[in-house]
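**Student:** Pasting in a structure now, in structure tokens, and then I'll have a few things to ask.
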Amino acid sequence: MDSPTVTLPSNFIQNIINEDAKTGRHGGRVQTRFPPEPNGYLHIGHAKSICLNFGIAAENGGLCNLRFDDTNPSKEDVEYVDSIQEDVKWLGFDWGDRMFYASDYFPQLYEYAEKLIQMGKAYVCDLNAQQIREYRGTLTEPGRNSPFRERTAAESLDLFRRMRAGEFPDGTRTLRAKIDMASPNITMRDPVLYRILRATHHRTGDAWCIYPMYDYAHPVSDAIERITHSICTLEFEDHRPLYDWCVEMLDIYRPQQIEFARLNLTHTVMSKRKLRELVEQKLVSGWDDPRMPTISGLRRRGYTPEAIRDFCERIGVAKSNSLVDLEMLEHCIREDLNVKAARAMVVLRPLKVVVENYPAGVVEELTAENNPENPEMGSRTMPFSRVLYIEQDDFMEQPPGKFFRLAPGREVRLKYAYIIKCEQVIKDDLTGEVTEVRCTYDPESKSGGATSGRKVKGTLHWVAAEHALPVEIRLYDHLYKDGTAGDINGEAGQSALNPNSLVVLKQAMMEPGLAGTPVGSHYQFLRQGYFCADLESRPGFPVFNRIVSLRDSWAKAKQS
RNA sequence: UGGGGCGUAGCCAAGCGGUAAGGCUCGGGACUCUGACUCCCGCAUCGGUGGUUCGAAUCCAUCCGCCCCAGCCA
């Protein structure tokens, strides 16, 4: 499998690489890595990092590794390493045979740690977590040296070996780097390198009871893999001096860490912690619930890898905190689906239409294009008969100006069929609701026919009542900013736990013959926008998801 | 109030001393067997203030604003 080309627009990281190429800093080599911790599912924010890392490598003739940063067994699980691989692959990227785990390096990491101790650059500290915090100082006050800071290398080495041997309880001792307790950068105040932690690791089992911290494991892992450009997010900027310290002290390969701003999306919760909460509290069906901003959720919602990659290219890469408008993501999927998605007609809120001058019992087969944007997708036939359903919203008894759909005495075209004229309105005696519309059709106006040229203002979608299939349609409101409450991806994250964003419309009617459409197919319901089949959740029952807001000037006008 | 970052249109984002790319959104128009799509057109003097310069978004000074850091998480 070839990784797709992701063309990143001019960005500061590429500029750095260009500069490195000139100076020969990494011997002209480019090697990146995508290093997720397997403690949750990947989300759209990770997609940005994936496209960046694989994209930068590909564009510069380099390679990108997949590495699991699995140094904290208490949070990690194989379920996540599996899903991560699946998602990266689905996005279209290929790490070849370069899939690694930080845990692969535990023995090496341990050896290096002993080396640091022997060099007098690290020491075993007997302070507990509470005490370490107290000794660390604050943002404005320097810290104080640990009373164990000056113990001999020999003593630290002995203690460190015994830590590894399991002689001490969890949390009683740590291995710390000996740097500077007065550093204005808190990260440099003798950071912990190893902690004692009795937790079964998803790969190494109980082989270890001490685990390296990110700040130590990451630079060393990068060095081992000879990563040239270690791209991470902004919050690690303060850690860069420590990153450099590690590789310099150990005198190993020196990758350079480069930080960029993580992705934020309007109306979207991007914190793994909150997403996990939704899953654990069962407020969503799982990490891949279509309402989730996870890669797997987007996949089920009908997003394509192409659309997500395109999105990542368009948003760019920089160091300023940004909040990208969801419209950008929606634009990308609309653009991709517009040429790929097979259309189908579905009436969400049916209104009965009887074509009085059309003979009862006759069923006509009409031809409908599967995708007007893409003739290669062919066509299908649709049954037309005397009784039909149209959208309730497409009829108004007393239409205001500029409404050019069906109304008493007015004509509209039924897409791929005939022009009909409303002759009579039938209402419920009690409620006064319109229950049926009686029309006549113009036999000369059949679509595709020689005499079909007559123009009318509106065109409507429809289904034949007798043949239409009832389907359950689910509209996930996540991407629809119509002011409805209960969006699980609330702007402030406050409404994040409200599960009411799932709207189920059971009365929808769909044209026949399409209910068994394969997983992953997409539909565009004319005027309603795009919908995507989510058959994985309910085999046999198409479940649709509106992934684009109602792009209807009339609907907008009504709201204001 | 210690340290590290960042501030270009409603939202992203190029630009790196020579007189503001592009995309999204929005507004206007054309087209249309749905008002969608498509296609045209329109939309900023670069956080403020001083300075250097023939010339500054780009250099200097200063002020203001926002983000990150006090896990034995990553």
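Ordered as shown in the structure tokens, chains take letters A, B, and onward, while each chain numbers its residues from 1 and ligands are numbered from 1 in the order shown.
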Please give the complete set of residues from segment 63-164 of chain A that DSSP, run on the backbone, assigns to alpha helix (DSSP H), formatted as a tab-separated table (two decimals) with C-alpha atoms, in the first residue's frame.
**Tutor:**
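The resulting file, part.tsv, is shown below:
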chain	number	residue	atom	x	y	z
A	78	VAL	CA	-4.59	-3.64	23.35
A	79	GLU	CA	-8.07	-2.60	22.27
A	80	TYR	CA	-6.58	0.81	21.65
A	81	VAL	CA	-3.49	-0.37	19.85
A	82	ASP	CA	-5.74	-2.33	17.51
A	83	SER	CA	-8.11	0.55	16.84
A	84	ILE	CA	-5.24	2.95	16.29
A	85	GLN	CA	-3.70	0.75	13.63
A	86	GLU	CA	-7.05	0.34	11.95
A	87	ASP	CA	-7.69	4.06	11.92
A	88	VAL	CA	-4.27	5.04	10.61
A	89	LYS	CA	-4.63	2.47	7.85
A	90	TRP	CA	-8.12	3.61	7.05
A	106	PHE	CA	12.44	-0.92	28.08
A	107	PRO	CA	15.70	-2.90	28.39
A	108	GLN	CA	17.67	-0.27	26.50
A	109	LEU	CA	15.99	2.53	28.42
A	110	TYR	CA	16.96	0.81	31.64
A	111	GLU	CA	20.59	0.46	30.56
A	112	TYR	CA	20.74	4.12	29.68
A	113	ALA	CA	19.27	5.01	33.05
A	114	GLU	CA	22.05	3.13	34.82
A	115	LYS	CA	24.49	5.01	32.67
A	116	LEU	CA	23.01	8.34	33.77
A	117	ILE	CA	23.34	7.28	37.38
A	118	GLN	CA	26.95	6.29	36.88
A	129	ALA	CA	4.85	12.27	45.61
A	130	GLN	CA	3.61	14.78	48.15
A	131	GLN	CA	7.14	15.67	49.22
A	132	ILE	CA	8.41	15.96	45.69
A	133	ARG	CA	5.66	18.45	45.03
A	134	GLU	CA	6.65	20.47	48.08
A	135	TYR	CA	10.30	20.48	47.15
A	136	ARG	CA	9.53	21.49	43.58
A	153	ALA	CA	26.23	7.05	42.32
A	154	ALA	CA	26.98	3.65	43.78
A	155	GLU	CA	24.19	3.97	46.30
A	156	SER	CA	21.72	5.20	43.67
A	157	LEU	CA	22.72	2.40	41.35
A	158	ASP	CA	22.16	-0.17	44.06
A	159	LEU	CA	18.80	1.34	44.93
A	160	PHE	CA	17.75	1.58	41.29
A	161	ARG	CA	18.56	-2.09	40.74
A	162	ARG	CA	16.55	-2.97	43.80
A	163	MET	CA	13.67	-0.81	42.54
A	164	ARG	CA	13.69	-2.89	39.43
**Student:** Tell me which protein, DNA and RNA residues are within 7 Å of Tyr243 of chain A, counting only C-alpha atoms (C1' of nucleotides), leaving out same-chain ones fewer than 4 positions away, and put them as an mmCIF file with C-alpha atoms, in the first residue's frame.
**Tutor:**
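Result written to part24.cif:
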data_model
loop_
_atom_site.group_PDB
_atom_site.id
_atom_site.type_symbol
_atom_site.label_atom_id
_atom_site.label_comp_id
_atom_site.auth_asym_id
_atom_site.auth_seq_id
_atom_site.Cartn_x
_atom_site.Cartn_y
_atom_site.Cartn_z
ATOM 1 C CA ASP A 215 10.011 12.844 29.252
ATOM 2 C CA PRO A 219 13.605 11.391 23.394
ATOM 3 C CA HIS A 239 9.873 19.979 27.738
ATOM 4 C CA VAL A 247 19.983 12.798 24.212
#
**Student:** How many Å separate atom CA of Asp69 of chain A from atom CA of Thr204 of chain A?
**Tutor:**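 We find that atom CA of Asp69 of chain A and atom CA of Thr204 of chain A lie 13.4 Å from each other.
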**Student:** Could you make a table, as a tab-separated table, of the residues of chain A that have an atom within 7 Å of an atom of chain B, each with its nearest atom pair and distance in Å to one decimal, counting only C-alpha atoms (C1' of nucleotides), in chain and number order?
**Tutor:**
residue	atom	partner	partner_atom	distance
A:Glu37	CA	B:A74	C1'	7.0
A:Ala129	CA	B:C72	C1'	6.1
A:Gly137	CA	B:A70	C1'	6.8
A:Thr138	CA	B:A70	C1'	5.0
A:Leu139	CA	B:G2	C1'	5.4
A:Thr140	CA	B:G2	C1'	4.2
A:Gly171	CA	B:C72	C1'	6.1
A:Thr174	CA	B:C72	C1'	6.7
A:Pro184	CA	B:G3	C1'	5.0
A:Asn185	CA	B:G3	C1'	5.0
A:Ile186	CA	B:C69	C1'	6.8
A:Val192	CA	B:C72	C1'	6.9
A:Arg195	CA	B:C72	C1'	5.1
A:Tyr214	CA	B:A74	C1'	6.4
A:Glu235	CA	B:C68	C1'	5.5
A:Glu237	CA	B:G4	C1'	6.8
A:Asp238	CA	B:G4	C1'	5.7
A:Arg314	CA	B:G23	C1'	6.5
A:Ile315	CA	B:C12	C1'	5.4
A:Gly316	CA	B:A13	C1'	6.4
A:Lys319	CA	B:C6	C1'	6.8
A:Ser320	CA	B:C6	C1'	5.1
A:Asn321	CA	B:C67	C1'	6.9
A:Val324	CA	B:C12	C1'	5.9
A:Asp325	CA	B:C11	C1'	5.5
A:Glu327	CA	B:C24	C1'	6.6
A:Met328	CA	B:C24	C1'	5.1
A:Arg413	CA	B:C33	C1'	6.8
A:Lys415	CA	B:C33	C1'	5.5
A:Tyr416	CA	B:C33	C1'	6.4
A:Gly458	CA	B:U34	C1'	5.9
A:Thr459	CA	B:U34	C1'	4.4
A:Leu460	CA	B:U34	C1'	5.5
A:Arg527	CA	B:A36	C1'	6.0
A:Arg551	CA	B:A36	C1'	6.9
A:Asp552	CA	B:G35	C1'	6.0
A:Ser553	CA	B:G35	C1'	5.8
A:Trp554	CA	B:G35	C1'	6.7
**Student:** Could the residues in this selection be written to a file with N, CA and C atoms, as a short mmCIF file (atom, residue, chain, number, x, y, z; two decimals), in the first residue's frame?
**Tutor:**
data_model
loop_
_atom_site.label_atom_id
_atom_site.label_comp_id
_atom_site.auth_asym_id
_atom_site.auth_seq_id
_atom_site.Cartn_x
_atom_site.Cartn_y
_atom_site.Cartn_z
N GLU A 37 -0.36 7.35 22.45
CA GLU A 37 -0.42 6.47 23.61
C GLU A 37 -1.68 5.65 23.42
N ALA A 129 5.43 11.33 46.58
CA ALA A 129 4.85 12.27 45.61
C ALA A 129 4.56 13.63 46.26
N GLY A 137 8.83 23.62 44.53
CA GLY A 137 8.66 25.06 44.48
C GLY A 137 7.41 25.40 43.69
N THR A 138 7.29 26.65 43.29
CA THR A 138 6.11 27.07 42.54
C THR A 138 6.55 27.79 41.28
N LEU A 139 5.58 28.37 40.60
CA LEU A 139 5.90 29.08 39.36
C LEU A 139 6.85 30.23 39.63
N THR A 140 6.72 30.83 40.81
CA THR A 140 7.55 32.01 41.09
C THR A 140 8.67 31.77 42.10
N GLY A 171 5.49 3.85 44.51
CA GLY A 171 5.49 5.24 44.97
C GLY A 171 6.49 5.62 46.04
N THR A 174 11.82 7.12 43.40
CA THR A 174 11.84 7.42 41.97
C THR A 174 13.29 7.61 41.54
N PRO A 184 13.96 28.21 36.19
CA PRO A 184 12.67 28.88 36.01
C PRO A 184 11.71 27.99 35.22
N ASN A 185 12.25 27.03 34.53
CA ASN A 185 11.44 26.05 33.80
C ASN A 185 11.21 24.86 34.72
N ILE A 186 10.00 24.75 35.20
CA ILE A 186 9.69 23.73 36.19
C ILE A 186 10.00 22.31 35.72
N VAL A 192 11.27 13.45 37.31
CA VAL A 192 11.26 12.01 37.56
C VAL A 192 11.47 11.28 36.23
N ARG A 195 9.38 5.55 37.70
CA ARG A 195 8.58 5.39 38.90
C ARG A 195 8.32 3.91 39.12
N TYR A 214 7.39 9.63 30.26
CA TYR A 214 7.37 10.14 28.88
C TYR A 214 8.61 10.99 28.57
N GLU A 235 2.09 22.08 23.95
CA GLU A 235 2.27 21.99 25.40
C GLU A 235 3.60 21.33 25.78
N GLU A 237 6.46 22.31 24.57
CA GLU A 237 7.53 23.27 24.32
C GLU A 237 8.48 23.39 25.52
N ASP A 238 7.88 23.45 26.71
CA ASP A 238 8.69 23.57 27.93
C ASP A 238 9.54 22.33 28.18
N ARG A 314 -6.07 21.60 4.36
CA ARG A 314 -6.60 22.96 4.30
C ARG A 314 -6.39 23.76 5.58
N ILE A 315 -6.43 23.12 6.72
CA ILE A 315 -6.32 23.88 7.96
C ILE A 315 -4.91 24.38 8.22
N GLY A 316 -3.93 23.77 7.57
CA GLY A 316 -2.57 24.26 7.74
C GLY A 316 -1.95 23.89 9.08
N LYS A 319 1.79 27.71 14.85
CA LYS A 319 1.96 27.64 16.29
C LYS A 319 0.94 28.44 17.09
N SER A 320 0.03 29.11 16.39
CA SER A 320 -0.96 29.88 17.15
C SER A 320 -2.16 29.00 17.45
N ASN A 321 -2.66 29.13 18.65
CA ASN A 321 -3.83 28.35 19.03
C ASN A 321 -4.97 28.71 18.11
N VAL A 324 -10.79 25.89 14.61
CA VAL A 324 -11.25 25.80 13.23
C VAL A 324 -12.76 25.60 13.19
N ASP A 325 -13.38 26.32 12.28
CA ASP A 325 -14.83 26.24 12.13
C ASP A 325 -15.22 24.89 11.53
N GLU A 327 -17.50 24.22 9.75
CA GLU A 327 -17.89 24.39 8.35
C GLU A 327 -16.79 23.91 7.41
N MET A 328 -15.56 24.07 7.86
CA MET A 328 -14.42 23.67 7.04
C MET A 328 -14.45 22.15 6.83
N ARG A 413 -42.54 20.36 -10.57
CA ARG A 413 -42.09 19.15 -11.25
C ARG A 413 -41.72 18.13 -10.20
N LYS A 415 -39.27 15.34 -9.51
CA LYS A 415 -37.95 15.00 -10.05
C LYS A 415 -38.00 13.67 -10.82
N TYR A 416 -37.50 13.68 -12.02
CA TYR A 416 -37.44 12.50 -12.89
C TYR A 416 -38.81 12.01 -13.34
N GLY A 458 -40.62 25.05 -9.24
CA GLY A 458 -40.04 24.14 -8.25
C GLY A 458 -39.94 22.71 -8.71
N THR A 459 -39.05 21.99 -8.08
CA THR A 459 -38.90 20.56 -8.34
C THR A 459 -38.87 19.87 -6.98
N LEU A 460 -39.62 18.78 -6.87
CA LEU A 460 -39.71 18.11 -5.58
C LEU A 460 -39.24 16.66 -5.67
N ARG A 527 -32.27 18.20 -1.67
CA ARG A 527 -32.62 19.32 -0.81
C ARG A 527 -32.25 19.09 0.65
N ARG A 551 -29.22 23.10 3.45
CA ARG A 551 -28.79 24.22 2.63
C ARG A 551 -29.97 24.66 1.80
N ASP A 552 -30.80 25.42 2.39
CA ASP A 552 -32.03 25.77 1.74
C ASP A 552 -32.36 27.20 2.09
N SER A 553 -32.30 28.02 1.11
CA SER A 553 -32.51 29.44 1.37
C SER A 553 -33.91 29.69 1.91
N TRP A 554 -34.85 28.87 1.47
CA TRP A 554 -36.21 29.06 1.95
C TRP A 554 -36.29 28.71 3.45
#
**Student:** From segment 212-458 of chain A, collect each residue whose DSSP state is strand (DSSP E or B) and return the set as a VMD selection string.
**Tutor:** chain A and resid 212 229 to 233 256 to 260 265 294 324 346 to 347 350 to 355 364 to 369 379 to 384 387 to 391 395 406 411 to 414 419 to 427 434 to 442 458
**Student:** Neighbours of G18 of chain B within 12 Å (only C-alpha atoms (C1' of nucleotides); same-chain residues fewer than 4 positions away dropped), as a short mmCIF file (atom, residue, chain, number, x, y, z; two decimals) with C-alpha atoms (C1' of nucleotides), in the first residue's frame?
**Tutor:**
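Written output follows (around00.cif):
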data_model
loop_
_atom_site.label_atom_id
_atom_site.label_comp_id
_atom_site.auth_asym_id
_atom_site.auth_seq_id
_atom_site.Cartn_x
_atom_site.Cartn_y
_atom_site.Cartn_z
"C1'" U B 53 14.51 53.14 6.64
"C1'" C B 54 13.46 56.15 0.28
"C1'" G B 55 10.18 52.17 1.79
"C1'" A B 56 7.99 47.71 7.43
"C1'" U B 58 8.23 41.97 7.87
#
**Student:** Determine, counting only C-alpha atoms (C1' of nucleotides), which protein, DNA and RNA residues have an atom within 12 Å of an atom of segment 372-381 of chain A; residues of the same chain fewer than 5 positions away are not included. Present the result as a PDB file with N, CA, C and O atoms (P, O5', C5', C4', C3', O3' and C1' of nucleotides), in the first residue's frame.
**Tutor:**
ATOM      1  N   GLU A 335     -17.729  18.217  -0.516  1.00  0.00           N
ATOM      2  CA  GLU A 335     -17.047  18.262  -1.789  1.00  0.00           C
ATOM      3  C   GLU A 335     -16.695  16.864  -2.288  1.00  0.00           C
ATOM      4  O   GLU A 335     -16.844  16.540  -3.450  1.00  0.00           O
ATOM      5  N   ASP A 336     -16.239  16.022  -1.372  1.00  0.00           N
ATOM      6  CA  ASP A 336     -15.856  14.665  -1.759  1.00  0.00           C
ATOM      7  C   ASP A 336     -17.076  13.822  -2.105  1.00  0.00           C
ATOM      8  O   ASP A 336     -17.120  13.138  -3.123  1.00  0.00           O
ATOM      9  N   LEU A 337     -18.070  13.876  -1.233  1.00  0.00           N
ATOM     10  CA  LEU A 337     -19.272  13.070  -1.450  1.00  0.00           C
ATOM     11  C   LEU A 337     -20.093  13.513  -2.648  1.00  0.00           C
ATOM     12  O   LEU A 337     -20.781  12.710  -3.275  1.00  0.00           O
ATOM     13  N   ASN A 338     -19.993  14.779  -2.967  1.00  0.00           N
ATOM     14  CA  ASN A 338     -20.790  15.296  -4.072  1.00  0.00           C
ATOM     15  C   ASN A 338     -20.557  14.514  -5.355  1.00  0.00           C
ATOM     16  O   ASN A 338     -21.464  14.287  -6.124  1.00  0.00           O
ATOM     17  N   VAL A 339     -19.332  14.072  -5.553  1.00  0.00           N
ATOM     18  CA  VAL A 339     -19.041  13.322  -6.775  1.00  0.00           C
ATOM     19  C   VAL A 339     -19.045  11.812  -6.555  1.00  0.00           C
ATOM     20  O   VAL A 339     -18.975  11.043  -7.493  1.00  0.00           O
ATOM     21  N   LYS A 340     -19.111  11.397  -5.292  1.00  0.00           N
ATOM     22  CA  LYS A 340     -19.043   9.958  -5.017  1.00  0.00           C
ATOM     23  C   LYS A 340     -20.356   9.335  -4.559  1.00  0.00           C
ATOM     24  O   LYS A 340     -20.581   8.149  -4.766  1.00  0.00           O
ATOM     25  N   ALA A 341     -21.161  10.118  -3.858  1.00  0.00           N
ATOM     26  CA  ALA A 341     -22.338   9.543  -3.220  1.00  0.00           C
ATOM     27  C   ALA A 341     -23.480   9.287  -4.191  1.00  0.00           C
ATOM     28  O   ALA A 341     -23.867  10.155  -4.964  1.00  0.00           O
ATOM     29  N   ALA A 342     -24.000   8.074  -4.129  1.00  0.00           N
ATOM     30  CA  ALA A 342     -25.163   7.743  -4.931  1.00  0.00           C
ATOM     31  C   ALA A 342     -26.372   8.400  -4.274  1.00  0.00           C
ATOM     32  O   ALA A 342     -26.524   8.356  -3.066  1.00  0.00           O
ATOM     33  N   ARG A 343     -27.179   9.009  -5.085  1.00  0.00           N
ATOM     34  CA  ARG A 343     -28.373   9.669  -4.555  1.00  0.00           C
ATOM     35  C   ARG A 343     -29.544   8.718  -4.444  1.00  0.00           C
ATOM     36  O   ARG A 343     -29.630   7.736  -5.175  1.00  0.00           O
ATOM     37  N   ALA A 344     -30.437   9.045  -3.537  1.00  0.00           N
ATOM     38  CA  ALA A 344     -31.667   8.282  -3.420  1.00  0.00           C
ATOM     39  C   ALA A 344     -32.715   9.256  -2.930  1.00  0.00           C
ATOM     40  O   ALA A 344     -32.384  10.256  -2.305  1.00  0.00           O
ATOM     41  N   MET A 345     -33.948   8.973  -3.224  1.00  0.00           N
ATOM     42  CA  MET A 345     -34.977   9.881  -2.743  1.00  0.00           C
ATOM     43  C   MET A 345     -35.661   9.276  -1.523  1.00  0.00           C
ATOM     44  O   MET A 345     -36.039   8.108  -1.500  1.00  0.00           O
ATOM     45  N   VAL A 363     -48.322   1.076 -12.940  1.00  0.00           N
ATOM     46  CA  VAL A 363     -47.024   1.407 -12.357  1.00  0.00           C
ATOM     47  C   VAL A 363     -46.053   1.666 -13.493  1.00  0.00           C
ATOM     48  O   VAL A 363     -45.871   0.826 -14.371  1.00  0.00           O
ATOM     49  N   GLU A 364     -45.464   2.830 -13.480  1.00  0.00           N
ATOM     50  CA  GLU A 364     -44.566   3.214 -14.548  1.00  0.00           C
ATOM     51  C   GLU A 364     -43.143   3.196 -14.007  1.00  0.00           C
ATOM     52  O   GLU A 364     -42.894   3.541 -12.868  1.00  0.00           O
ATOM     53  N   GLU A 365     -42.206   2.767 -14.826  1.00  0.00           N
ATOM     54  CA  GLU A 365     -40.813   2.752 -14.387  1.00  0.00           C
ATOM     55  C   GLU A 365     -40.107   3.975 -14.942  1.00  0.00           C
ATOM     56  O   GLU A 365     -40.021   4.153 -16.150  1.00  0.00           O
ATOM     57  N   LEU A 366     -39.623   4.787 -14.035  1.00  0.00           N
ATOM     58  CA  LEU A 366     -38.940   6.001 -14.466  1.00  0.00           C
ATOM     59  C   LEU A 366     -37.454   5.860 -14.210  1.00  0.00           C
ATOM     60  O   LEU A 366     -37.020   5.117 -13.340  1.00  0.00           O
ATOM     61  N   THR A 367     -36.680   6.581 -14.981  1.00  0.00           N
ATOM     62  CA  THR A 367     -35.231   6.501 -14.835  1.00  0.00           C
ATOM     63  C   THR A 367     -34.699   7.669 -14.005  1.00  0.00           C
ATOM     64  O   THR A 367     -35.046   8.816 -14.254  1.00  0.00           O
ATOM     65  N   TYR A 416     -37.505  13.677 -12.019  1.00  0.00           N
ATOM     66  CA  TYR A 416     -37.442  12.495 -12.887  1.00  0.00           C
ATOM     67  C   TYR A 416     -38.815  12.012 -13.342  1.00  0.00           C
ATOM     68  O   TYR A 416     -38.937  10.941 -13.908  1.00  0.00           O
ATOM     69  N   ALA A 417     -39.897  12.802 -13.032  1.00  0.00           N
ATOM     70  CA  ALA A 417     -41.235  12.320 -13.384  1.00  0.00           C
ATOM     71  C   ALA A 417     -42.015  13.399 -14.152  1.00  0.00           C
ATOM     72  O   ALA A 417     -41.534  13.870 -15.179  1.00  0.00           O
ATOM     73  N   VAL A 463     -41.756   9.749  -3.408  1.00  0.00           N
ATOM     74  CA  VAL A 463     -41.700   8.289  -3.533  1.00  0.00           C
ATOM     75  C   VAL A 463     -43.114   7.801  -3.824  1.00  0.00           C
ATOM     76  O   VAL A 463     -44.086   8.491  -3.510  1.00  0.00           O
ATOM     77  N   GLU A 511     -37.340   5.167  -1.369  1.00  0.00           N
ATOM     78  CA  GLU A 511     -37.647   4.474  -2.613  1.00  0.00           C
ATOM     79  C   GLU A 511     -37.202   3.015  -2.496  1.00  0.00           C
ATOM     80  O   GLU A 511     -36.226   2.711  -1.813  1.00  0.00           O
ATOM     81  N   PRO A 512     -37.918   2.127  -3.151  1.00  0.00           N
ATOM     82  CA  PRO A 512     -37.633   0.702  -2.996  1.00  0.00           C
ATOM     83  C   PRO A 512     -36.318   0.302  -3.661  1.00  0.00           C
ATOM     84  O   PRO A 512     -35.798   1.001  -4.500  1.00  0.00           O
ATOM     85  N   GLY A 513     -35.824  -0.858  -3.238  1.00  0.00           N
ATOM     86  CA  GLY A 513     -34.672  -1.420  -3.923  1.00  0.00           C
ATOM     87  C   GLY A 513     -33.338  -0.972  -3.385  1.00  0.00           C
ATOM     88  O   GLY A 513     -32.299  -1.435  -3.814  1.00  0.00           O
ATOM     89  N   LEU A 514     -33.341  -0.060  -2.414  1.00  0.00           N
ATOM     90  CA  LEU A 514     -32.071   0.453  -1.943  1.00  0.00           C
ATOM     91  C   LEU A 514     -31.772   0.122  -0.491  1.00  0.00           C
ATOM     92  O   LEU A 514     -30.704   0.425   0.022  1.00  0.00           O
ATOM     93  N   GLN A 524     -27.500  11.016  -1.122  1.00  0.00           N
ATOM     94  CA  GLN A 524     -27.816  12.423  -0.965  1.00  0.00           C
ATOM     95  C   GLN A 524     -29.302  12.536  -1.180  1.00  0.00           C
ATOM     96  O   GLN A 524     -29.816  12.137  -2.203  1.00  0.00           O
ATOM     97  N   LEU A 526     -32.051  14.777  -2.016  1.00  0.00           N
ATOM     98  CA  LEU A 526     -32.155  16.089  -2.637  1.00  0.00           C
ATOM     99  C   LEU A 526     -32.758  17.065  -1.654  1.00  0.00           C
ATOM    100  O   LEU A 526     -33.665  16.781  -0.928  1.00  0.00           O
TER     101      LEU A 526
ATOM    102  P     U B  32     -31.071  27.635 -16.819  1.00  0.00           P
ATOM    103  O5'   U B  32     -31.104  26.460 -15.748  1.00  0.00           O
ATOM    104  C5'   U B  32     -30.417  25.229 -16.008  1.00  0.00           C
ATOM    105  C4'   U B  32     -30.431  24.389 -14.754  1.00  0.00           C
ATOM    106  C3'   U B  32     -31.822  24.091 -14.201  1.00  0.00           C
ATOM    107  O3'   U B  32     -32.393  22.957 -14.841  1.00  0.00           O
ATOM    108  C1'   U B  32     -30.381  24.795 -12.450  1.00  0.00           C
ATOM    109  P     C B  33     -33.943  23.037 -15.430  1.00  0.00           P
ATOM    110  O5'   C B  33     -34.764  21.965 -14.609  1.00  0.00           O
ATOM    111  C5'   C B  33     -35.056  22.132 -13.226  1.00  0.00           C
ATOM    112  C4'   C B  33     -35.294  20.759 -12.645  1.00  0.00           C
ATOM    113  C3'   C B  33     -34.011  19.972 -12.435  1.00  0.00           C
ATOM    114  O3'   C B  33     -33.865  19.796 -11.051  1.00  0.00           O
ATOM    115  C1'   C B  33     -35.727  18.647 -13.473  1.00  0.00           C
ATOM    116  P     A B  36     -28.858  27.276  -3.408  1.00  0.00           P
ATOM    117  O5'   A B  36     -28.361  25.775  -3.245  1.00  0.00           O
ATOM    118  C5'   A B  36     -28.478  25.128  -1.980  1.00  0.00           C
ATOM    119  C4'   A B  36     -28.013  23.708  -2.173  1.00  0.00           C
ATOM    120  C3'   A B  36     -26.658  23.575  -2.859  1.00  0.00           C
ATOM    121  O3'   A B  36     -25.601  23.702  -1.929  1.00  0.00           O
ATOM    122  C1'   A B  36     -28.211  22.100  -3.858  1.00  0.00           C
ATOM    123  P     C B  37     -24.302  24.420  -2.354  1.00  0.00           P
ATOM    124  O5'   C B  37     -23.810  23.579  -3.618  1.00  0.00           O
ATOM    125  C5'   C B  37     -23.370  22.235  -3.444  1.00  0.00           C
ATOM    126  C4'   C B  37     -23.077  21.627  -4.797  1.00  0.00           C
ATOM    127  C3'   C B  37     -22.147  22.438  -5.687  1.00  0.00           C
ATOM    128  O3'   C B  37     -20.789  22.219  -5.346  1.00  0.00           O
ATOM    129  C1'   C B  37     -23.988  21.713  -6.952  1.00  0.00           C
ATOM    130  P     U B  38     -19.768  23.413  -5.500  1.00  0.00           P
ATOM    131  O5'   U B  38     -19.815  23.760  -7.053  1.00  0.00           O
ATOM    132  C5'   U B  38     -19.373  22.807  -8.006  1.00  0.00           C
ATOM    133  C4'   U B  38     -19.562  23.383  -9.392  1.00  0.00           C
ATOM    134  C3'   U B  38     -19.005  24.780  -9.582  1.00  0.00           C
ATOM    135  O3'   U B  38     -17.610  24.743  -9.856  1.00  0.00           O
ATOM    136  C1'   U B  38     -21.192  24.701 -10.439  1.00  0.00           C
TER     137        U B  38
END
